[in-house]
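Dropping final_12.pdb in here (PDB, C-alpha atoms, pLDDT in the B column):
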```
ATOM      1  CA  MET K  38    -163.863  91.945 205.825  1.00 48.00           C
ATOM      2  CA  LEU K  39    -163.853  91.335 209.579  1.00 54.00           C
ATOM      3  CA  TYR K  40    -167.507  90.379 209.357  1.00 58.00           C
ATOM      4  CA  ILE K  41    -166.149  86.998 208.261  1.00 63.00           C
ATOM      5  CA  PHE K  42    -164.675  86.476 211.741  1.00 60.00           C
ATOM      6  CA  TYR K  43    -167.953  87.336 213.422  1.00 63.00           C
ATOM      7  CA  VAL K  44    -169.856  84.694 211.450  1.00 69.00           C
ATOM      8  CA  LEU K  45    -167.272  81.956 211.956  1.00 72.00           C
ATOM      9  CA  PRO K  46    -167.925  79.589 214.833  1.00 76.00           C
ATOM     10  CA  PHE K  47    -166.256  81.033 217.888  1.00 69.00           C
ATOM     11  CA  TRP K  48    -164.370  77.806 218.619  1.00 77.00           C
ATOM     12  CA  PHE K  49    -162.772  78.175 215.171  1.00 80.00           C
ATOM     13  CA  VAL K  50    -161.623  81.726 215.946  1.00 72.00           C
ATOM     14  CA  CYS K  51    -160.215  80.577 219.316  1.00 75.00           C
ATOM     15  CA  PHE K  52    -158.432  77.680 217.609  1.00 83.00           C
ATOM     16  CA  GLY K  53    -156.881  80.116 215.115  1.00 78.00           C
ATOM     17  CA  ILE K  54    -155.644  82.357 217.931  1.00 74.00           C
ATOM     18  CA  ILE K  55    -154.133  79.386 219.773  1.00 78.00           C
ATOM     19  CA  CYS K  56    -152.402  78.248 216.557  1.00 81.00           C
ATOM     20  CA  ALA K  57    -151.036  81.766 216.022  1.00 74.00           C
ATOM     21  CA  ILE K  58    -149.688  81.842 219.591  1.00 73.00           C
ATOM     22  CA  LEU K  59    -148.050  78.435 219.136  1.00 76.00           C
ATOM     23  CA  LEU K  60    -146.534  79.476 215.814  1.00 76.00           C
ATOM     24  CA  TRP K  61    -145.232  82.720 217.338  1.00 71.00           C
ATOM     25  CA  SER K  62    -143.776  80.733 220.234  1.00 69.00           C
ATOM     26  CA  LYS K  63    -142.050  78.358 217.821  1.00 71.00           C
ATOM     27  CA  ILE K  64    -140.542  81.302 215.930  1.00 70.00           C
ATOM     28  CA  MET K  65    -139.301  82.759 219.226  1.00 67.00           C
ATOM     29  CA  ALA K  66    -137.829  79.407 220.264  1.00 66.00           C
ATOM     30  CA  ILE K  67    -135.943  79.157 216.970  1.00 68.00           C
ATOM     31  CA  SER K  68    -134.785  82.765 217.358  1.00 65.00           C
ATOM     32  CA  GLU K  69    -133.429  82.088 220.842  1.00 62.00           C
ATOM     33  CA  ARG K  70    -131.714  78.871 219.794  1.00 64.00           C
ATOM     34  CA  GLN K  71    -130.018  80.477 216.798  1.00 62.00           C
ATOM     35  CA  GLN K  72    -128.676  83.778 218.091  1.00 57.00           C
ATOM     36  CA  ILE K  73    -128.040  85.061 214.573  1.00 50.00           C
ATOM     37  CA  THR K  74    -131.745  85.561 213.846  1.00 61.00           C
ATOM     38  CA  THR K  75    -132.443  88.059 216.648  1.00 68.00           C
ATOM     39  CA  THR K  76    -132.458  91.015 214.251  1.00 75.00           C
ATOM     40  CA  ILE K  77    -134.740  89.186 211.847  1.00 74.00           C
ATOM     41  CA  PHE K  78    -137.052  88.309 214.723  1.00 73.00           C
ATOM     42  CA  LYS K  79    -137.177  91.960 215.830  1.00 78.00           C
ATOM     43  CA  ILE K  80    -138.076  92.997 212.293  1.00 81.00           C
ATOM     44  CA  CYS K  81    -140.804  90.337 212.188  1.00 77.00           C
ATOM     45  CA  SER K  82    -142.087  91.578 215.553  1.00 79.00           C
ATOM     46  CA  VAL K  83    -142.317  95.162 214.301  1.00 85.00           C
ATOM     47  CA  VAL K  84    -144.093  94.043 211.109  1.00 85.00           C
ATOM     48  CA  CYS K  85    -146.542  91.952 213.159  1.00 81.00           C
ATOM     49  CA  LEU K  86    -147.115  94.904 215.478  1.00 85.00           C
ATOM     50  CA  MET K  87    -147.928  97.158 212.516  1.00 88.00           C
ATOM     51  CA  LEU K  88    -150.261  94.528 211.061  1.00 85.00           C
ATOM     52  CA  SER K  89    -152.023  94.083 214.396  1.00 83.00           C
ATOM     53  CA  LEU K  90    -152.429  97.864 214.723  1.00 86.00           C
ATOM     54  CA  CYS K  91    -153.933  98.011 211.235  1.00 85.00           C
ATOM     55  CA  LEU K  92    -156.272  95.146 212.111  1.00 79.00           C
ATOM     56  CA  VAL K  93    -157.352  96.844 215.332  1.00 81.00           C
ATOM     57  CA  LEU K  94    -157.965 100.191 213.616  1.00 82.00           C
ATOM     58  CA  TYR K  95    -159.785  98.562 210.723  1.00 81.00           C
ATOM     59  CA  ALA K  96    -162.050  96.577 213.049  1.00 76.00           C
ATOM     60  CA  THR K  97    -162.823  99.438 215.400  1.00 77.00           C
ATOM     61  CA  VAL K  98    -162.887 102.607 213.290  1.00 75.00           C
ATOM     62  CA  TYR K  99    -163.117 101.937 209.557  1.00 75.00           C
ATOM     63  CA  GLY K 100    -166.502 101.155 208.012  1.00 65.00           C
ATOM     64  CA  ARG K 101    -168.576 101.958 211.081  1.00 68.00           C
ATOM     65  CA  HIS K 102    -172.101 103.287 210.807  1.00 70.00           C
ATOM     66  CA  GLU K 103    -173.103 106.520 212.446  1.00 74.00           C
ATOM     67  CA  ALA K 104    -173.915 105.947 216.081  1.00 75.00           C
ATOM     68  CA  ARG K 105    -172.998 107.754 219.244  1.00 79.00           C
ATOM     69  CA  GLY K 106    -173.349 106.698 222.823  1.00 81.00           C
ATOM     70  CA  ILE K 107    -171.461 106.289 226.023  1.00 84.00           C
ATOM     71  CA  SER K 108    -171.423 103.552 228.645  1.00 83.00           C
ATOM     72  CA  LEU K 109    -169.124 104.279 231.560  1.00 84.00           C
ATOM     73  CA  ILE K 110    -170.358 101.541 233.887  1.00 86.00           C
ATOM     74  CA  PRO K 111    -167.739  98.765 234.043  1.00 87.00           C
ATOM     75  CA  PHE K 112    -169.013  95.234 233.368  1.00 87.00           C
ATOM     76  CA  ARG K 113    -172.411  96.510 232.258  1.00 89.00           C
ATOM     77  CA  SER K 114    -172.150  94.299 229.186  1.00 87.00           C
ATOM     78  CA  LEU K 115    -172.041  91.210 231.391  1.00 85.00           C
ATOM     79  CA  LYS K 116    -175.426  92.123 232.838  1.00 87.00           C
ATOM     80  CA  GLU K 117    -176.870  92.865 229.410  1.00 88.00           C
ATOM     81  CA  ALA K 118    -175.474  89.611 228.000  1.00 86.00           C
ATOM     82  CA  LYS K 119    -177.819  87.629 230.221  1.00 86.00           C
ATOM     83  CA  THR K 120    -180.685  88.748 228.006  1.00 89.00           C
ATOM     84  CA  GLN K 121    -178.673  89.211 224.785  1.00 87.00           C
ATOM     85  CA  PRO K 122    -176.139  86.346 224.493  1.00 80.00           C
ATOM     86  CA  GLU K 123    -174.592  87.867 221.348  1.00 80.00           C
ATOM     87  CA  ILE K 124    -172.907  90.398 223.650  1.00 83.00           C
ATOM     88  CA  TYR K 125    -170.699  87.585 225.011  1.00 83.00           C
ATOM     89  CA  ARG K 126    -169.426  86.979 221.486  1.00 80.00           C
ATOM     90  CA  THR K 127    -168.718  90.686 220.993  1.00 82.00           C
ATOM     91  CA  MET K 128    -166.790  90.830 224.267  1.00 87.00           C
ATOM     92  CA  LEU K 129    -164.749  87.750 223.369  1.00 83.00           C
ATOM     93  CA  MET K 130    -163.997  89.134 219.915  1.00 82.00           C
ATOM     94  CA  ASN K 131    -162.802  92.382 221.535  1.00 85.00           C
ATOM     95  CA  LEU K 132    -160.544  90.289 223.723  1.00 86.00           C
ATOM     96  CA  ALA K 133    -159.262  88.280 220.744  1.00 83.00           C
ATOM     97  CA  LEU K 134    -158.615  91.424 218.696  1.00 84.00           C
ATOM     98  CA  PHE K 135    -155.849  92.603 221.031  1.00 89.00           C
ATOM     99  CA  VAL K 136    -154.058  89.248 221.545  1.00 86.00           C
ATOM    100  CA  PRO K 137    -151.750  89.789 218.517  1.00 84.00           C
ATOM    101  CA  PHE K 138    -151.044  93.314 219.752  1.00 88.00           C
ATOM    102  CA  GLY K 139    -149.940  91.946 223.145  1.00 90.00           C
ATOM    103  CA  LEU K 140    -147.815  89.245 221.517  1.00 84.00           C
ATOM    104  CA  SER K 141    -146.010  91.519 219.110  1.00 85.00           C
ATOM    105  CA  LEU K 142    -145.581  94.618 221.288  1.00 89.00           C
ATOM    106  CA  THR K 143    -144.057  92.609 224.123  1.00 85.00           C
ATOM    107  CA  SER K 144    -141.605  91.128 221.627  1.00 81.00           C
ATOM    108  CA  CYS K 145    -140.743  94.576 220.232  1.00 84.00           C
ATOM    109  CA  ILE K 146    -139.867  96.104 223.592  1.00 84.00           C
ATOM    110  CA  THR K 147    -136.156  95.844 224.254  1.00 79.00           C
ATOM    111  CA  ARG K 148    -134.877  93.080 226.501  1.00 77.00           C
ATOM    112  CA  ARG K 149    -133.261  95.667 228.785  1.00 86.00           C
ATOM    113  CA  PHE K 150    -136.631  95.668 230.521  1.00 88.00           C
ATOM    114  CA  SER K 151    -137.673  92.677 232.590  1.00 87.00           C
ATOM    115  CA  ILE K 152    -140.656  90.617 231.432  1.00 83.00           C
ATOM    116  CA  LYS K 153    -142.783  92.249 234.145  1.00 89.00           C
ATOM    117  CA  GLN K 154    -141.820  95.717 232.911  1.00 92.00           C
ATOM    118  CA  ARG K 155    -142.530  94.743 229.304  1.00 91.00           C
ATOM    119  CA  THR K 156    -145.907  93.333 230.355  1.00 91.00           C
ATOM    120  CA  PHE K 157    -146.725  96.534 232.224  1.00 94.00           C
ATOM    121  CA  LEU K 158    -145.683  98.701 229.251  1.00 94.00           C
ATOM    122  CA  THR K 159    -147.736  96.561 226.874  1.00 94.00           C
ATOM    123  CA  LEU K 160    -150.800  96.894 229.097  1.00 95.00           C
ATOM    124  CA  ILE K 161    -150.341 100.663 229.351  1.00 96.00           C
ATOM    125  CA  PHE K 162    -150.047 100.972 225.548  1.00 95.00           C
ATOM    126  CA  ALA K 163    -153.070  98.690 225.023  1.00 95.00           C
ATOM    127  CA  PHE K 164    -155.115 100.695 227.515  1.00 97.00           C
ATOM    128  CA  ILE K 165    -154.140 104.001 225.867  1.00 96.00           C
ATOM    129  CA  LEU K 166    -154.786 102.694 222.338  1.00 94.00           C
ATOM    130  CA  SER K 167    -158.142 101.246 223.329  1.00 94.00           C
ATOM    131  CA  SER K 168    -159.130 104.458 225.127  1.00 95.00           C
ATOM    132  CA  LEU K 169    -158.182 106.536 222.081  1.00 93.00           C
ATOM    133  CA  ILE K 170    -160.195 104.247 219.810  1.00 90.00           C
ATOM    134  CA  GLU K 171    -163.245 104.416 222.075  1.00 90.00           C
ATOM    135  CA  ALA K 172    -162.925 108.204 222.325  1.00 91.00           C
ATOM    136  CA  SER K 173    -162.656 108.554 218.544  1.00 88.00           C
ATOM    137  CA  GLN K 174    -165.724 106.334 218.115  1.00 87.00           C
ATOM    138  CA  TYR K 175    -167.657 108.706 220.349  1.00 89.00           C
ATOM    139  CA  ILE K 176    -166.255 111.966 218.949  1.00 88.00           C
ATOM    140  CA  PHE K 177    -166.772 111.016 215.293  1.00 86.00           C
ATOM    141  CA  ALA K 178    -170.077 109.152 215.926  1.00 85.00           C
ATOM    142  CA  LEU K 179    -168.590 105.811 214.878  1.00 84.00           C
ATOM    143  CA  GLY K 180    -169.859 103.781 217.813  1.00 82.00           C
ATOM    144  CA  ILE K 181    -170.471 103.646 221.506  1.00 84.00           C
ATOM    145  CA  PHE K 182    -167.745 104.511 224.003  1.00 89.00           C
ATOM    146  CA  GLN K 183    -167.804 101.525 226.377  1.00 90.00           C
ATOM    147  CA  THR K 184    -165.554 100.930 229.325  1.00 93.00           C
ATOM    148  CA  ASP K 185    -166.171  97.212 228.832  1.00 93.00           C
ATOM    149  CA  ASP K 186    -164.462  97.397 225.434  1.00 92.00           C
ATOM    150  CA  ILE K 187    -161.411  99.006 227.028  1.00 94.00           C
ATOM    151  CA  ILE K 188    -161.348  96.286 229.704  1.00 95.00           C
ATOM    152  CA  CYS K 189    -161.703  93.479 227.126  1.00 93.00           C
ATOM    153  CA  ASN K 190    -159.063  94.960 224.824  1.00 94.00           C
ATOM    154  CA  THR K 191    -156.574  95.392 227.663  1.00 96.00           C
ATOM    155  CA  CYS K 192    -157.252  91.833 228.847  1.00 95.00           C
ATOM    156  CA  GLY K 193    -156.633  90.605 225.280  1.00 93.00           C
ATOM    157  CA  ALA K 194    -153.233  92.299 225.270  1.00 94.00           C
ATOM    158  CA  LEU K 195    -152.552  90.726 228.663  1.00 94.00           C
ATOM    159  CA  LEU K 196    -153.464  87.317 227.252  1.00 90.00           C
ATOM    160  CA  GLY K 197    -150.990  87.841 224.403  1.00 88.00           C
ATOM    161  CA  THR K 198    -148.271  88.894 226.830  1.00 89.00           C
ATOM    162  CA  LEU K 199    -148.949  86.026 229.224  1.00 87.00           C
ATOM    163  CA  SER K 200    -148.770  83.522 226.386  1.00 80.00           C
ATOM    164  CA  LEU K 201    -145.160  84.585 225.871  1.00 74.00           C
ATOM    165  CA  GLN K 202    -144.431  84.026 229.553  1.00 74.00           C
ATOM    166  CA  LEU K 203    -146.102  80.605 229.414  1.00 74.00           C
ATOM    167  CA  ARG K 204    -143.833  79.746 226.516  1.00 67.00           C
ATOM    168  CA  LYS K 205    -140.827  80.331 228.733  1.00 64.00           C
ATOM    169  CA  HIS K 206    -142.106  77.943 231.387  1.00 62.00           C
ATOM    170  CA  PHE K 207    -144.122  75.338 229.513  1.00 60.00           C
ATOM    171  CA  ILE K 208    -144.515  75.548 225.760  1.00 51.00           C
ATOM    172  CA  ASN K 209    -140.873  76.205 224.869  1.00 50.00           C
ATOM    173  CA  SER K 210    -139.610  72.720 225.749  1.00 57.00           C
ATOM    174  CA  TYR K 211    -142.549  71.090 224.006  1.00 54.00           C
ATOM    175  CA  LEU K 212    -142.132  73.146 220.834  1.00 48.00           C
ATOM    176  CA  TYR K 213    -138.467  72.186 220.497  1.00 51.00           C
ATOM    177  CA  ASP K 214    -139.693  68.647 219.911  1.00 51.00           C
ATOM    178  CA  LEU K 215    -142.296  69.600 217.310  1.00 48.00           C
ATOM    179  CA  GLU K 216    -140.919  69.396 213.813  1.00 48.00           C
ATOM    180  CA  PHE K 217    -144.129  70.100 211.901  1.00 44.00           C
ATOM    181  CA  ILE K 218    -144.618  73.668 213.193  1.00 44.00           C
TER     182      ILE K 218
END
```
Rewrite the coordinates I just gave you, this time as structure tokens.
Amino acid sequence: MLYIFYVLPFWFVCFGIICAILLWSKIMAISERQQITTTIFKICSVVCLMLSLCLVLYATVYGRHEARGISLIPFRSLKEAKTQPEIYRTMLMNLALFVPFGLSLTSCITRRFSIKQRTFLTLIFAFILSSLIEASQYIFALGIFQTDDIICNTCGALLGTLSLQLRKHFINSYLYDLEFI
């Protein structure tokens, strides 16, 4: 199923991610404006988190062919991408895969924590999840354990978290004016 995303033009995938971030920001803006929907928003955040976890696990573990390898050199993929440009696409798709995880997990963490603490917790969880996925790929011969994948996945979660912070400072006021989203 996820093969479909790999054959789509990358600009289309990026556009879809940006639209999802804007839609999520609009839902958050509505939730903050109407205090009564906070519980509903939390439930939506948990459901989105579960869906993003399923997507991540499906893309990284399910349906893999037997292969085993290990690459512990950080940013090695960047060097290899100079001769194999398809590696850039793989790295960007790894980054994009964890954006919904960063968006939804940050929203699920209680507001008792500051935004910096929630960002840190999200990055820790993304790093741990990505490390566990890479380890399971190696242990069960489902793929190559690559530190670059862990870096890209964690950066994707960071991008999702930062998009929420940008909403507070920039997008939020603009989205209040948009009626079609």
Pairwise distance for CA of Met128 in chain K and CA of Gly193 in chain K, rounded to one decimal in Å | 10.2 Å
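Of the residues under consideration (K:Val136, K:Leu203, K:Ala194, K:Ile187), K:Ile187 shows the shortest atom-to-atom contact distance to Ile110 in chain K when counting all atoms listed in the file.
Counting all atoms listed in the file, the residue from K:Ile165, K:Leu196, K:Cys56, K:Ala133 that sits nearest to Leu92 in chain K is K:Ala133.
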Given the PyMOL selection byres ((chain K and resi 102) around 12), the residues it picks as number ranges by chain = K: 97-101, 103-105, 174-175, 177-181
For CA of Asp185 in chain K and CA of Asn131 in chain K, the interatomic separation in Å (one decimal) = 9.4 Å
Contacts of Thr127 in chain K at 10 Å or less, counting only C-alpha atoms, minus same-chain residues fewer than 5 places along, as number ranges by chain?
-> K: 43, 114, 118, 122, 132-133, 186, 189
Since the input is missing atoms for range 107-142 of chain K, could you rebuild it with N, CA and C atoms and give the result as a short mmCIF file (atom, residue, chain, number, x, y, z; two decimals), in the frame of the given file?
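Writing done, so here's rebuild_34.cif:
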```cif
data_model
loop_
_atom_site.label_atom_id
_atom_site.label_comp_id
_atom_site.auth_asym_id
_atom_site.auth_seq_id
_atom_site.Cartn_x
_atom_site.Cartn_y
_atom_site.Cartn_z
N ILE K 107 -172.52 106.44 225.03
CA ILE K 107 -171.46 106.29 226.02
C ILE K 107 -171.97 105.37 227.14
N SER K 108 -171.11 104.47 227.55
CA SER K 108 -171.42 103.55 228.64
C SER K 108 -170.20 103.49 229.55
N LEU K 109 -170.27 104.18 230.66
CA LEU K 109 -169.12 104.28 231.56
C LEU K 109 -169.19 103.30 232.73
N ILE K 110 -170.21 102.49 232.78
CA ILE K 110 -170.36 101.54 233.89
C ILE K 110 -169.58 100.27 233.56
N PRO K 111 -168.52 99.98 234.32
CA PRO K 111 -167.74 98.76 234.04
C PRO K 111 -168.58 97.50 234.22
N PHE K 112 -168.37 96.55 233.35
CA PHE K 112 -169.01 95.23 233.37
C PHE K 112 -170.52 95.29 233.14
N ARG K 113 -170.98 96.39 232.59
CA ARG K 113 -172.41 96.51 232.26
C ARG K 113 -172.79 95.50 231.18
N SER K 114 -171.87 95.25 230.27
CA SER K 114 -172.15 94.30 229.19
C SER K 114 -172.43 92.90 229.71
N LEU K 115 -171.79 92.53 230.81
CA LEU K 115 -172.04 91.21 231.39
C LEU K 115 -173.49 91.08 231.86
N LYS K 116 -174.03 92.14 232.41
CA LYS K 116 -175.43 92.12 232.84
C LYS K 116 -176.36 92.06 231.64
N GLU K 117 -176.03 92.84 230.61
CA GLU K 117 -176.87 92.86 229.41
C GLU K 117 -176.79 91.56 228.63
N ALA K 118 -175.67 90.86 228.74
CA ALA K 118 -175.47 89.61 228.00
C ALA K 118 -176.38 88.50 228.51
N LYS K 119 -176.89 88.65 229.71
CA LYS K 119 -177.82 87.63 230.22
C LYS K 119 -179.09 87.57 229.39
N THR K 120 -179.49 88.72 228.85
CA THR K 120 -180.68 88.75 228.01
C THR K 120 -180.34 88.78 226.53
N GLN K 121 -179.13 89.16 226.18
CA GLN K 121 -178.67 89.21 224.78
C GLN K 121 -177.34 88.47 224.67
N PRO K 122 -177.37 87.14 224.49
CA PRO K 122 -176.14 86.35 224.49
C PRO K 122 -175.12 86.75 223.43
N GLU K 123 -175.53 87.44 222.38
CA GLU K 123 -174.59 87.87 221.35
C GLU K 123 -173.54 88.82 221.91
N ILE K 124 -173.85 89.47 223.02
CA ILE K 124 -172.91 90.40 223.65
C ILE K 124 -171.67 89.64 224.15
N TYR K 125 -171.86 88.39 224.60
CA TYR K 125 -170.70 87.58 225.01
C TYR K 125 -169.73 87.44 223.85
N ARG K 126 -170.27 87.15 222.68
CA ARG K 126 -169.43 86.98 221.49
C ARG K 126 -168.68 88.27 221.18
N THR K 127 -169.36 89.41 221.26
CA THR K 127 -168.72 90.69 220.99
C THR K 127 -167.59 90.94 221.99
N MET K 128 -167.83 90.63 223.25
CA MET K 128 -166.79 90.83 224.27
C MET K 128 -165.59 89.92 224.00
N LEU K 129 -165.85 88.68 223.65
CA LEU K 129 -164.75 87.75 223.37
C LEU K 129 -163.99 88.14 222.10
N MET K 130 -164.69 88.68 221.12
CA MET K 130 -164.00 89.13 219.92
C MET K 130 -163.14 90.37 220.22
N ASN K 131 -163.62 91.25 221.11
CA ASN K 131 -162.80 92.38 221.54
C ASN K 131 -161.54 91.89 222.23
N LEU K 132 -161.69 90.88 223.04
CA LEU K 132 -160.54 90.29 223.72
C LEU K 132 -159.57 89.70 222.70
N ALA K 133 -160.10 88.95 221.74
CA ALA K 133 -159.26 88.28 220.74
C ALA K 133 -158.56 89.28 219.83
N LEU K 134 -159.18 90.43 219.60
CA LEU K 134 -158.62 91.42 218.70
C LEU K 134 -157.27 91.97 219.18
N PHE K 135 -157.07 92.01 220.49
CA PHE K 135 -155.85 92.60 221.03
C PHE K 135 -154.79 91.56 221.41
N VAL K 136 -155.07 90.28 221.25
CA VAL K 136 -154.06 89.25 221.54
C VAL K 136 -152.82 89.42 220.66
N PRO K 137 -152.96 89.58 219.33
CA PRO K 137 -151.75 89.79 218.52
C PRO K 137 -150.98 91.05 218.90
N PHE K 138 -151.69 92.08 219.31
CA PHE K 138 -151.04 93.31 219.75
C PHE K 138 -150.17 93.03 220.97
N GLY K 139 -150.71 92.29 221.95
CA GLY K 139 -149.94 91.95 223.14
C GLY K 139 -148.74 91.07 222.83
N LEU K 140 -148.92 90.12 221.92
CA LEU K 140 -147.82 89.24 221.52
C LEU K 140 -146.69 90.04 220.87
N SER K 141 -147.05 90.85 219.89
CA SER K 141 -146.01 91.52 219.11
C SER K 141 -145.38 92.70 219.84
N LEU K 142 -146.17 93.47 220.59
CA LEU K 142 -145.58 94.62 221.29
C LEU K 142 -144.61 94.16 222.37
#
```
